[in-house]
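Engineer: File follows, model_14.txt with compact mmCIF, C-alpha atoms and all ligand atoms:
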```txt
# COMPACT_ATOMS: atom_id res chain seq x y z
CA MET A 41 22.96 14.49 3.06
CA PHE A 42 24.09 13.94 -0.52
CA GLY A 43 22.17 15.12 -3.56
CA VAL A 44 21.23 12.54 -6.18
CA ALA A 45 22.92 14.48 -8.96
CA GLY A 46 26.15 14.08 -7.00
CA ILE A 47 25.99 10.30 -7.07
CA PHE A 48 25.09 9.93 -10.72
CA PRO A 49 26.47 13.05 -12.40
CA GLY A 50 24.81 13.95 -15.66
CA VAL A 51 22.09 11.31 -15.41
CA PHE A 52 19.37 13.39 -13.83
CA VAL A 53 17.32 16.05 -15.49
CA MET A 54 15.74 18.26 -12.87
CA LYS A 55 12.13 18.99 -13.76
CA VAL A 56 10.19 21.18 -11.37
CA ALA A 57 11.94 23.69 -9.18
CA ASP A 58 10.23 22.84 -5.89
CA PHE A 59 10.76 19.12 -6.13
CA ALA A 60 13.84 19.16 -8.32
CA ASP A 61 15.87 16.85 -6.12
CA LEU A 62 13.03 14.32 -5.87
CA GLU A 63 11.99 14.06 -9.51
CA VAL A 64 14.31 11.64 -11.19
CA GLY A 65 14.97 11.69 -14.94
CA ARG A 66 13.46 9.05 -17.23
CA GLU A 67 16.77 7.70 -18.49
CA PHE A 68 17.82 6.83 -15.00
CA LEU A 69 14.47 5.22 -14.18
CA ALA A 70 14.65 3.14 -17.34
CA SER A 71 17.99 1.75 -16.18
CA ARG A 72 16.48 0.38 -12.99
CA THR A 73 16.16 -3.37 -12.60
CA GLY A 74 13.00 -3.74 -10.51
CA SER A 75 9.74 -5.31 -11.58
CA LYS A 76 8.22 -1.92 -12.37
CA TRP A 77 10.86 -1.19 -15.00
CA CYS A 78 11.50 -4.60 -16.50
CA ARG A 79 8.04 -5.93 -17.20
CA TYR A 80 7.20 -3.85 -20.28
CA PRO A 81 9.22 -2.48 -23.24
CA ALA A 82 10.99 0.83 -22.68
CA GLU A 83 8.43 2.89 -24.64
CA VAL A 84 5.63 1.90 -22.24
CA ILE A 85 5.12 4.15 -19.20
CA PRO A 86 4.87 1.89 -16.14
CA SER A 87 1.97 3.12 -14.03
CA TRP A 88 1.00 -0.11 -12.34
CA ILE A 89 2.74 -1.65 -9.29
CA ALA A 90 2.40 0.41 -6.09
CA GLU A 91 5.91 1.77 -6.11
CA MET A 92 6.87 5.40 -6.63
CA ASP A 93 9.40 6.70 -9.15
CA PHE A 94 11.33 8.66 -6.50
CA LEU A 95 14.69 7.78 -4.99
CA PRO A 96 14.34 6.58 -1.40
CA PRO A 97 15.51 9.01 1.29
CA ASP A 98 19.16 9.64 2.09
CA GLY A 99 18.67 8.29 5.62
CA VAL A 100 17.85 4.87 4.18
CA GLN A 101 20.71 5.03 1.70
CA ASP A 102 23.14 5.95 4.49
CA ALA A 103 21.97 3.04 6.67
CA VAL A 104 22.42 0.58 3.82
CA MET A 105 25.78 2.06 2.81
CA ARG A 106 27.10 1.67 6.37
CA LEU A 107 26.66 -2.08 6.04
CA VAL A 108 27.87 -2.19 2.46
CA ALA A 109 31.01 -0.18 3.27
CA LYS A 110 32.03 -2.75 5.89
CA ARG A 111 30.65 -5.72 3.98
CA ASP A 112 28.85 -6.35 7.24
CA PHE A 113 26.56 -9.16 6.06
CA GLY A 114 26.65 -11.59 8.96
CA TYR A 115 23.66 -12.86 10.95
CA ALA A 116 21.79 -9.79 12.13
CA ARG A 117 21.97 -8.70 15.76
CA ARG A 118 22.23 -5.23 17.26
CA PRO A 119 23.80 -4.27 20.61
CA LEU A 120 22.03 -6.16 23.37
CA MET A 121 18.97 -6.98 21.33
CA PRO A 122 17.80 -9.09 18.40
CA ALA A 123 17.88 -6.96 15.24
CA GLU A 124 14.17 -7.47 14.56
CA ARG A 125 13.33 -5.96 17.93
CA GLN A 126 14.63 -2.66 16.65
CA VAL A 127 11.99 -2.79 13.92
CA GLY A 128 9.28 -3.38 16.54
CA ALA A 129 10.62 -0.53 18.66
CA ALA A 130 10.80 1.86 15.70
CA PHE A 131 7.26 0.89 14.69
CA ALA A 132 5.89 1.38 18.21
CA HIS A 133 7.55 4.76 18.51
CA ARG A 134 6.25 5.86 15.14
CA MET A 135 2.67 4.75 15.83
CA LYS A 136 2.64 6.83 19.01
CA GLU A 137 4.14 9.88 17.33
CA ARG A 138 2.06 9.79 14.16
CA PHE A 139 -1.26 8.40 15.31
CA GLY A 140 -1.23 8.61 19.13
CA TRP A 141 -1.49 4.81 19.26
CA GLU A 142 0.47 3.36 22.19
CA ILE A 143 1.67 -0.20 21.75
CA GLU A 144 4.32 -2.53 23.14
CA GLU A 145 7.22 -3.34 20.84
CA THR A 146 7.07 -6.92 22.14
CA SER A 147 3.61 -7.31 20.58
CA THR A 148 5.12 -7.17 17.10
CA GLN A 149 6.51 -9.83 14.81
CA ALA A 150 8.86 -8.85 12.00
CA VAL A 151 7.91 -10.29 8.62
CA THR A 152 9.68 -10.13 5.30
CA ASP A 153 6.61 -8.75 3.62
CA LEU A 154 2.97 -8.09 4.34
CA ARG A 155 1.75 -10.82 2.05
CA GLN A 156 3.57 -13.24 4.30
CA GLY A 157 1.87 -11.63 7.31
CA THR A 158 -1.53 -11.92 5.64
CA ILE A 159 -1.30 -15.60 4.85
CA ALA A 160 0.24 -16.38 8.25
CA ALA A 161 -2.71 -14.70 9.98
CA ILE A 162 -5.19 -16.56 7.78
CA LEU A 163 -3.56 -19.89 8.62
CA ALA A 164 -3.50 -19.03 12.32
CA PHE A 165 -7.04 -17.76 12.76
CA SER A 166 -9.20 -19.72 10.32
CA LYS A 167 -9.62 -23.25 9.05
CA PRO A 168 -9.82 -24.55 5.46
CA GLY A 169 -13.26 -24.04 3.97
CA GLU A 170 -14.20 -21.18 6.31
CA HIS A 171 -15.14 -17.75 5.02
CA ILE A 172 -12.98 -14.63 5.07
CA ALA A 173 -14.36 -11.22 4.09
CA VAL A 174 -12.55 -8.49 2.22
CA HIS A 175 -13.72 -5.17 0.79
CA THR A 176 -13.69 -5.31 -3.00
CA PRO A 177 -12.24 -4.20 -5.31
CA CYS A 178 -9.19 -5.29 -3.29
CA TYR A 179 -5.42 -5.62 -3.52
CA GLY A 180 -5.10 -8.87 -5.51
CA PRO A 181 -2.88 -10.83 -3.09
CA PHE A 182 -5.63 -10.67 -0.42
CA ARG A 183 -7.79 -12.78 -2.70
CA GLU A 184 -4.85 -15.05 -3.53
CA ALA A 185 -4.06 -15.56 0.17
CA ILE A 186 -7.67 -16.51 0.92
CA GLU A 187 -8.01 -18.83 -2.05
CA GLU A 188 -4.56 -20.42 -1.92
CA SER A 189 -5.08 -21.32 1.73
CA GLY A 190 -8.33 -23.10 0.86
CA ARG A 191 -10.60 -20.53 2.56
CA GLN A 192 -13.60 -18.97 0.84
CA ILE A 193 -13.81 -15.31 -0.03
CA VAL A 194 -16.77 -13.13 0.90
CA GLU A 195 -16.71 -9.96 -1.14
CA ILE A 196 -17.84 -6.88 0.73
CA PRO A 197 -18.44 -4.27 -1.97
CA MET A 198 -17.15 -0.75 -1.79
CA LEU A 199 -20.33 0.96 -2.98
CA GLN A 200 -20.13 3.96 -5.25
CA ALA A 201 -21.83 6.90 -3.55
CA GLU A 202 -21.95 10.53 -4.68
CA ALA A 203 -18.82 11.60 -2.84
CA GLY A 204 -16.79 8.40 -3.15
CA PHE A 205 -16.76 4.73 -2.28
CA VAL A 206 -18.28 3.49 0.97
CA PRO A 207 -18.05 0.04 2.55
CA ASP A 208 -21.22 -2.03 2.41
CA MET A 209 -21.93 -2.66 6.09
CA ASP A 210 -24.94 -4.91 5.47
CA ALA A 211 -22.90 -7.28 3.33
CA LEU A 212 -20.52 -7.71 6.25
CA ARG A 213 -23.31 -7.95 8.80
CA ASN A 214 -25.08 -10.63 6.73
CA ALA A 215 -22.02 -12.65 5.66
CA PRO A 216 -22.18 -16.47 6.03
CA ALA A 217 -22.36 -17.92 9.54
CA ASP A 218 -18.86 -19.42 9.40
CA LEU A 219 -17.23 -16.06 8.63
CA ARG A 220 -14.03 -16.10 10.72
CA MET A 221 -12.03 -13.09 9.59
CA LEU A 222 -12.16 -9.74 7.88
CA ILE A 223 -9.22 -8.43 5.92
CA LEU A 224 -9.47 -4.70 6.31
CA CYS A 225 -7.35 -2.45 4.13
CA ASN A 226 -7.27 1.11 5.38
CA PRO A 227 -6.49 3.34 3.55
CA GLN A 228 -8.23 1.20 0.97
CA ASN A 229 -6.35 0.04 -2.09
CA PRO A 230 -7.45 0.69 -4.86
CA THR A 231 -10.29 3.15 -4.10
CA GLY A 232 -8.08 5.53 -2.09
CA ARG A 233 -10.65 5.83 0.69
CA VAL A 234 -9.57 6.57 4.25
CA PHE A 235 -12.24 5.08 6.47
CA THR A 236 -13.80 7.53 8.89
CA CYS A 237 -13.99 6.93 12.60
CA ALA A 238 -17.72 6.21 12.28
CA GLU A 239 -17.11 3.65 9.53
CA LEU A 240 -14.36 1.95 11.51
CA GLU A 241 -16.51 1.87 14.63
CA GLU A 242 -19.34 0.28 12.70
CA ILE A 243 -17.00 -2.32 11.22
CA GLY A 244 -15.64 -2.85 14.75
CA SER A 245 -19.06 -3.40 16.25
CA ILE A 246 -19.91 -5.93 13.53
CA ALA A 247 -16.57 -7.67 14.16
CA ILE A 248 -17.43 -7.94 17.85
CA ALA A 249 -21.00 -9.09 17.21
CA ARG A 250 -19.80 -11.70 14.68
CA ASP A 251 -16.71 -12.61 16.74
CA LEU A 252 -14.32 -11.93 13.85
CA ILE A 253 -10.57 -11.67 13.78
CA VAL A 254 -9.57 -8.57 11.81
CA PHE A 255 -6.37 -8.39 9.81
CA SER A 256 -5.90 -4.66 9.30
CA ASP A 257 -3.44 -3.80 6.53
CA GLU A 258 -2.47 -0.17 7.12
CA VAL A 259 0.51 0.03 4.79
CA HIS A 260 -0.85 3.15 3.05
CA ALA A 261 -1.45 5.00 6.34
CA ASP A 262 1.47 7.38 5.96
CA PHE A 263 -0.03 8.85 2.80
CA VAL A 264 -3.24 10.36 4.17
CA TYR A 265 -3.91 13.85 2.77
CA ASP A 266 -5.10 16.89 4.72
CA GLY A 267 -8.75 16.72 5.62
CA HIS A 268 -8.60 12.98 6.42
CA THR A 269 -7.25 11.11 9.42
CA HIS A 270 -5.77 7.67 9.71
CA ILE A 271 -7.09 5.79 12.74
CA PRO A 272 -5.33 2.50 13.49
CA PHE A 273 -8.19 0.01 13.78
CA ALA A 274 -6.74 -1.59 16.91
CA SER A 275 -6.67 1.81 18.63
CA LEU A 276 -10.49 1.94 18.72
CA GLY A 277 -10.72 0.10 22.03
CA GLU A 278 -9.63 -2.95 24.00
CA ASP A 279 -12.33 -5.22 22.63
CA ILE A 280 -11.28 -4.33 19.09
CA ALA A 281 -7.55 -4.64 19.83
CA ALA A 282 -8.16 -8.11 21.26
CA ARG A 283 -9.22 -9.34 17.81
CA THR A 284 -6.95 -7.24 15.57
CA ILE A 285 -3.65 -7.96 13.86
CA THR A 286 -2.25 -4.80 12.28
CA ALA A 287 0.17 -4.96 9.37
CA ASN A 288 2.49 -2.19 8.29
CA SER A 289 5.86 -1.60 6.69
CA PRO A 290 8.01 1.27 5.43
CA GLY A 291 8.02 -0.33 1.98
CA LYS A 292 5.47 1.95 0.32
CA SER A 293 6.04 5.19 2.22
CA PHE A 294 9.80 5.24 1.78
CA ASN A 295 9.87 3.44 -1.56
CA ILE A 296 11.90 0.47 -0.34
CA ALA A 297 9.42 -2.36 -1.01
CA GLY A 298 12.11 -4.56 -2.54
CA LEU A 299 14.15 -4.62 0.66
CA ARG A 300 11.46 -6.77 2.38
CA CYS A 301 10.83 -5.84 6.00
CA GLY A 302 7.50 -5.22 7.73
CA VAL A 303 5.70 -5.91 10.97
CA ILE A 304 2.52 -7.45 12.18
CA HIS A 305 1.20 -6.33 15.54
CA PHE A 306 -1.04 -8.31 17.87
CA GLY A 307 -3.58 -6.32 19.84
CA THR A 308 -3.17 -8.50 22.97
CA PRO A 309 -0.67 -11.09 24.26
CA ALA A 310 -3.47 -13.68 24.09
CA LEU A 311 -3.93 -13.03 20.37
CA ARG A 312 -0.18 -13.28 19.85
CA ASP A 313 -0.04 -16.61 21.73
CA ARG A 314 -2.89 -17.99 19.66
CA PHE A 315 -0.98 -17.01 16.53
CA TYR A 316 2.23 -18.75 17.59
CA GLN A 317 0.33 -21.93 18.49
CA ARG A 318 -0.58 -22.26 14.82
CA VAL A 319 2.35 -20.55 13.08
CA PRO A 320 5.80 -21.38 14.45
CA ARG A 321 8.18 -18.42 14.42
CA LEU A 322 10.76 -20.38 12.45
CA LEU A 323 8.36 -20.61 9.55
CA LEU A 324 8.33 -16.84 9.24
CA GLY A 325 12.06 -16.54 8.57
CA ARG A 326 13.85 -13.32 9.41
CA PRO A 327 14.30 -10.09 7.45
CA SER A 328 17.88 -9.35 6.40
CA ALA A 329 20.18 -6.98 8.28
CA VAL A 330 20.05 -4.59 5.32
CA SER A 331 16.26 -4.47 5.32
CA ILE A 332 16.12 -4.08 9.09
CA ASP A 333 18.53 -1.14 9.17
CA ALA A 334 16.74 0.45 6.22
CA ALA A 335 13.33 0.06 7.91
CA VAL A 336 14.56 1.48 11.20
CA ALA A 337 16.17 4.45 9.44
CA ALA A 338 13.03 5.07 7.40
CA TRP A 339 10.78 5.07 10.43
CA THR A 340 13.08 7.09 12.65
CA VAL A 341 14.90 9.73 10.58
CA CYS A 342 13.19 10.04 7.20
CA GLN A 343 9.88 11.79 7.92
CA PRO A 344 11.11 15.16 6.52
CA TRP A 345 11.64 13.40 3.17
CA LEU A 346 8.14 11.93 3.31
CA ASP A 347 6.65 15.34 4.12
CA ARG A 348 8.08 16.65 0.86
CA ILE A 349 6.92 13.59 -1.06
CA MET A 350 3.42 14.19 0.29
CA ALA A 351 3.46 17.76 -1.02
CA LEU A 352 4.52 16.47 -4.44
CA LEU A 353 1.86 13.73 -4.40
CA ASP A 354 -0.79 16.23 -3.38
CA ARG A 355 0.11 18.31 -6.45
CA ASN A 356 -0.01 15.16 -8.59
CA ARG A 357 -3.36 13.89 -7.37
CA ARG A 358 -4.92 17.27 -8.17
CA LEU A 359 -3.31 17.24 -11.61
CA VAL A 360 -4.77 13.77 -12.31
CA VAL A 361 -8.29 14.53 -11.10
CA GLU A 362 -8.49 18.03 -12.61
CA THR A 363 -7.10 16.92 -15.98
CA ILE A 364 -9.49 13.99 -16.16
CA ARG A 365 -12.50 16.07 -15.18
CA GLU A 366 -11.68 18.88 -17.62
CA ARG A 367 -10.35 16.96 -20.61
CA MET A 368 -11.60 13.37 -20.34
CA PRO A 369 -15.15 13.76 -19.02
CA LYS A 370 -16.10 10.18 -19.91
CA LEU A 371 -13.72 8.95 -17.23
CA ASN A 372 -14.83 9.06 -13.63
CA VAL A 373 -12.47 9.43 -10.72
CA PHE A 374 -12.75 10.50 -7.10
CA MET A 375 -10.03 12.53 -5.44
CA PRO A 376 -7.84 9.96 -3.63
CA GLU A 377 -7.92 10.56 0.14
CA ALA A 378 -4.60 8.76 0.54
CA SER A 379 -1.69 7.20 -1.32
CA PHE A 380 -0.46 7.68 -4.89
CA LEU A 381 -3.04 5.61 -6.72
CA ALA A 382 -6.13 6.81 -8.59
CA TRP A 383 -8.98 4.38 -9.30
CA ILE A 384 -10.42 5.39 -12.66
CA ASP A 385 -13.77 4.25 -14.04
CA CYS A 386 -13.49 3.99 -17.83
CA ARG A 387 -16.79 2.19 -18.48
CA GLU A 388 -18.43 5.13 -20.23
CA LEU A 389 -15.89 4.76 -23.05
CA GLY A 390 -17.81 1.65 -24.07
CA TRP A 391 -14.69 -0.38 -24.89
CA ASP A 392 -15.26 -4.06 -25.51
CA ARG A 393 -11.91 -5.08 -23.99
CA PRO A 394 -10.51 -4.55 -20.50
CA ALA A 395 -9.57 -0.86 -20.22
CA ALA A 396 -6.00 -1.59 -19.09
CA SER A 397 -5.35 -3.71 -22.22
CA VAL A 398 -6.57 -0.90 -24.46
CA PHE A 399 -4.36 1.69 -22.74
CA LEU A 400 -1.39 -0.67 -22.93
CA ASP A 401 -1.82 -1.57 -26.59
CA GLU A 402 -3.00 1.78 -27.94
CA ALA A 403 -1.38 4.38 -25.68
CA GLY A 404 1.70 2.67 -24.26
CA ILE A 405 0.67 3.03 -20.63
CA ALA A 406 0.77 0.06 -18.27
CA PHE A 407 -1.92 0.62 -15.64
CA SER A 408 -2.90 -1.92 -13.01
CA PRO A 409 -5.89 -3.67 -14.61
CA GLY A 410 -9.18 -3.25 -12.79
CA GLU A 411 -9.81 -6.98 -13.09
CA SER A 412 -6.74 -7.71 -10.94
CA PHE A 413 -8.66 -6.12 -8.05
CA CYS A 414 -12.02 -7.73 -8.79
CA ALA A 415 -13.25 -9.74 -11.78
CA ARG A 416 -16.16 -7.36 -12.40
CA HIS A 417 -13.93 -4.30 -12.64
CA GLU A 418 -12.32 -4.71 -16.03
CA GLY A 419 -13.72 -1.31 -16.98
CA PHE A 420 -11.45 0.31 -14.37
CA VAL A 421 -7.73 1.01 -14.21
CA ARG A 422 -5.52 2.05 -11.31
CA LEU A 423 -3.16 4.89 -12.19
CA ASN A 424 0.04 5.35 -10.18
CA PHE A 425 0.77 9.07 -9.78
CA GLY A 426 3.92 8.59 -7.71
CA ALA A 427 5.89 10.04 -10.62
CA SER A 428 7.55 13.26 -11.73
CA GLY A 429 5.33 15.99 -13.14
CA GLU A 430 6.86 15.38 -16.57
CA VAL A 431 6.07 11.66 -16.62
CA LEU A 432 2.60 12.23 -15.21
CA ARG A 433 1.76 14.89 -17.80
CA ASP A 434 2.97 12.57 -20.57
CA LYS A 435 0.74 9.81 -19.19
CA LEU A 436 -2.30 12.08 -19.07
CA ALA A 437 -1.59 13.41 -22.57
CA ARG A 438 -1.38 9.86 -23.97
CA MET A 439 -4.69 9.00 -22.30
CA GLU A 440 -6.37 12.10 -23.68
CA LYS A 441 -5.04 11.53 -27.20
CA LEU A 442 -6.34 7.96 -27.25
CA ILE A 443 -9.73 8.84 -25.81
CA ASN A 444 -10.27 11.83 -28.06
CA ALA A 445 -9.32 9.81 -31.13
CA GLN A 446 -12.28 7.49 -30.51
C1 LIG A 501 -2.62 -2.89 0.70
C2 LIG A 501 -1.30 -3.51 0.39
N1 LIG A 501 -0.78 -4.41 1.23
C3 LIG A 501 0.41 -4.99 1.00
C4 LIG A 501 1.14 -4.66 -0.12
C5 LIG A 501 2.43 -5.35 -0.38
O1 LIG A 501 3.25 -5.31 0.71
P1 LIG A 501 4.49 -6.29 0.73
O2 LIG A 501 5.32 -5.98 -0.46
O3 LIG A 501 5.14 -5.95 2.03
O4 LIG A 501 3.95 -7.68 0.70
C6 LIG A 501 0.64 -3.74 -1.02
C7 LIG A 501 1.39 -3.42 -2.24
O5 LIG A 501 0.92 -2.83 -3.16
C8 LIG A 501 -0.60 -3.14 -0.75
O6 LIG A 501 -1.11 -2.21 -1.57
```
Spit out the file's structure as structure tokens when you get a sec.
Ligand SMILES: Cc1ncc(COP(=O)(O)O)c(C=O)c1O

Structural biologist:
Amino acid sequence: MFGVAGIFPGVFVMKVADFADLEVGREFLASRTGSKWCRYPAEVIPSWIAEMDFLPPDGVQDAVMRLVAKRDFGYARRPLMPAERQVGAAFAHRMKERFGWEIEETSTQAVTDLRQGTIAAILAFSKPGEHIAVHTPCYGPFREAIEESGRQIVEIPMLQAEAGFVPDMDALRNAPADLRMLILCNPQNPTGRVFTCAELEEIGSIAIARDLIVFSDEVHADFVYDGHTHIPFASLGEDIAARTITANSPGKSFNIAGLRCGVIHFGTPALRDRFYQRVPRLLLGRPSAVSIDAAVAAWTVCQPWLDRIMALLDRNRRLVVETIRERMPKLNVFMPEASFLAWIDCRELGWDRPAASVFLDEAGIAFSPGESFCARHEGFVRLNFGASGEVLRDKLARMEKLINAQ
């Protein structure tokens, strides 16, 4: 295992002893070419897209370097099996180990990204004009997938309760008669909720009663903090599995979203066959050899790295929530139960512009705008705390300075 300072001597400034090898210096981050780093001027702190500031694990780097070293960029296949099958096998193995969910690798389809999986499932299991439900505020591309495919969105509000956000079960129960599908996102982006077993069972019983297909995006499942448990929706029972497509990828957990490789899993062979009748496999394309090897490495040998990242993120989420509660009492935030995103209610500040625009223009912080998750949420921002302690403290200090100057 090589240390990052060894690859880029002199570029890294180690920040906090415990996580020194994970926390990358700002100069190096600024030299990156991804969307996160190139959208705003250098003086703005990017705190938007769901991507962490950390270097991906050595296991991923090694897998990619093995191909690069041999310039091994031909059509992907691995000994005695299609390359994508390795992704399905790694996913199945991981689901059993992490969540006790036993599935067949042959029930999976590799996709280049989960947005592709989402729209493919929508095209397969609903018709134009029909209704599709999603808990809102929601990850923007869910709405785009529903609207761009000519389906109609039914917003199921995440209701603000004393201890956090809870899904509105009645809104789902009473949705229009031609409701065909539910897009479930658990852990929920952006509220950071991890649905409890009782909540999932209630959603499941409504799905059965209403004969819904459920597309369950579980891409944030690896990031669940102590005290909460991720339950794959399809693991709730055979009748639920028979109507559930589960989506996952190592993109978020191992910080390799740009490599493009994920899976969708069909709860039964019948569901899979129905899918392929409407969506030919050829239309889905195939992930690259590089992304396949990276995904397999991430899911099979990189958990120790993720364990350390989780410890760092746990420190960061406490820093965000405690700082906001102590020093910016007009902001409201619940402790995220998963992931590296905090959903912050800024409405009490009384700003007459969307909160994210004010933070961008006046404090040089690019948050994900609340309105990108739901039109009515322009008073909210989503803060990405997948950053070094130094960058996060700077972000919080800029917020405090702006708010206290009001
Ligand atoms: C819930 C959710 N699903 C999917 C994605 C994107 O996944 P992909 O890049 O594989 O399309 C994100 C990214 O932020 C997300 O938060």

Engineer: How would you write, as a PyMOL selection string, the set of residues no farther than 10 Å from ligand LIG 501 (chain A) when counting all atoms listed in the file?

Structural biologist: chain A and resi 88-91+151-158+178-182+224-230+256-261+287-292+296-303+379+381

Engineer: So which residues touch segment 274-281 of chain A within 10 Å, counting only C-alpha atoms, skipping near sequence neighbours fewer than 6 positions away, as a list in words?

Structural biologist: Phe139, Gly140, Trp141, Glu142, Ile143, Cys237, Leu240, Glu241, Ile243, Gly244, Ser245, Ala247, Ile248, Leu252, Ile253, Val254, Phe255, Ser256, His305, Phe306, Gly307, Thr308 and Leu311 of chain A

Engineer: Can you tell me, as a PyMOL selection string, what residues are no more than 12 Å from segment 411-415 of chain A when counting all atoms listed in the file, ignoring any on the same chain fewer than 2 positions away?

Structural biologist: chain A and resi 88-89+174-184+193+195-198+228-231+383+385+393-397+407-409+417-422

Engineer: What lies within 12 Å of Ala217 of chain A using all atoms listed in the file, ignoring chain neighbours under 5 positions off, as a ChimeraX atom specification?

Structural biologist: /A:170-173,194,212,249-252

Engineer: Please produce an output containing C-alpha atoms for each residue in the selection, written as a short mmCIF file (atom, residue, chain, number, x, y, z; two decimals), in the coordinates of the input.

Structural biologist:
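Saved as result26.cif:
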```
data_model
loop_
_atom_site.label_atom_id
_atom_site.label_comp_id
_atom_site.auth_asym_id
_atom_site.auth_seq_id
_atom_site.Cartn_x
_atom_site.Cartn_y
_atom_site.Cartn_z
CA GLU A 170 -14.20 -21.18 6.31
CA HIS A 171 -15.14 -17.75 5.02
CA ILE A 172 -12.98 -14.63 5.07
CA ALA A 173 -14.36 -11.22 4.09
CA VAL A 194 -16.77 -13.13 0.90
CA LEU A 212 -20.52 -7.71 6.25
CA ALA A 249 -21.00 -9.09 17.21
CA ARG A 250 -19.80 -11.70 14.68
CA ASP A 251 -16.71 -12.61 16.74
CA LEU A 252 -14.32 -11.93 13.85
#
```

Engineer: Compare A:Glu202, A:Leu400, A:Leu371, A:Pro96 by their minimum atom-to-atom distance to Glu388 of chain A, counting all atoms listed in the file, and give me the closest one.

Structural biologist: A:Leu371

Engineer: Extract segment 286-303 of chain A from the coordinates I pasted, and write it as a CSV table (one decimal), in the first residue's frame (atoms kept: N, CA and C atoms).

Structural biologist:
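Result written to part19.csv:
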```
chain,number,residue,atom,x,y,z
A,286,THR,N,-33.3,-3.0,-7.1
A,286,THR,CA,-32.4,-2.3,-6.2
A,286,THR,C,-31.2,-1.8,-7.0
A,287,ALA,N,-30.8,-0.5,-6.7
A,287,ALA,CA,-29.7,0.1,-7.4
A,287,ALA,C,-28.6,0.4,-6.4
A,288,ASN,N,-27.4,0.1,-6.8
A,288,ASN,CA,-26.2,0.4,-6.0
A,288,ASN,C,-25.0,0.5,-6.8
A,289,SER,N,-24.0,1.2,-6.2
A,289,SER,CA,-22.7,1.3,-6.9
A,289,SER,C,-21.6,1.6,-5.9
A,290,PRO,N,-20.4,1.4,-6.2
A,290,PRO,CA,-19.3,1.8,-5.3
A,290,PRO,C,-18.9,3.3,-5.5
A,291,GLY,N,-19.6,4.0,-6.4
A,291,GLY,CA,-19.2,5.3,-6.7
A,291,GLY,C,-19.1,6.3,-5.6
A,292,LYS,N,-20.2,6.3,-4.7
A,292,LYS,CA,-20.1,7.2,-3.6
A,292,LYS,C,-19.2,6.7,-2.5
A,293,SER,N,-19.4,5.5,-2.1
A,293,SER,CA,-18.7,5.0,-0.9
A,293,SER,C,-17.1,5.0,-1.1
A,294,PHE,N,-16.7,4.8,-2.3
A,294,PHE,CA,-15.2,4.7,-2.5
A,294,PHE,C,-14.7,5.8,-3.4
A,295,ASN,N,-15.6,6.8,-3.5
A,295,ASN,CA,-15.2,8.1,-4.2
A,295,ASN,C,-14.7,7.9,-5.6
A,296,ILE,N,-15.4,7.0,-6.4
A,296,ILE,CA,-15.0,6.8,-7.7
A,296,ILE,C,-16.2,7.0,-8.7
A,297,ALA,N,-17.0,8.0,-8.4
A,297,ALA,CA,-18.2,8.2,-9.2
A,297,ALA,C,-17.9,8.4,-10.7
A,298,GLY,N,-16.8,9.0,-11.0
A,298,GLY,CA,-16.5,9.3,-12.4
A,298,GLY,C,-16.1,8.1,-13.2
A,299,LEU,N,-15.8,7.0,-12.5
A,299,LEU,CA,-15.4,5.8,-13.3
A,299,LEU,C,-16.6,5.1,-14.0
A,300,ARG,N,-17.8,5.3,-13.4
A,300,ARG,CA,-19.1,4.8,-14.0
A,300,ARG,C,-19.3,3.3,-14.1
A,301,CYS,N,-19.6,2.8,-12.9
A,301,CYS,CA,-20.0,1.3,-12.9
A,301,CYS,C,-20.9,1.1,-11.7
A,302,GLY,N,-22.1,0.6,-12.0
A,302,GLY,CA,-23.0,0.3,-10.9
A,302,GLY,C,-23.8,-1.0,-11.2
A,303,VAL,N,-24.8,-1.3,-10.4
A,303,VAL,CA,-25.6,-2.5,-10.7
A,303,VAL,C,-27.1,-2.2,-10.4
```
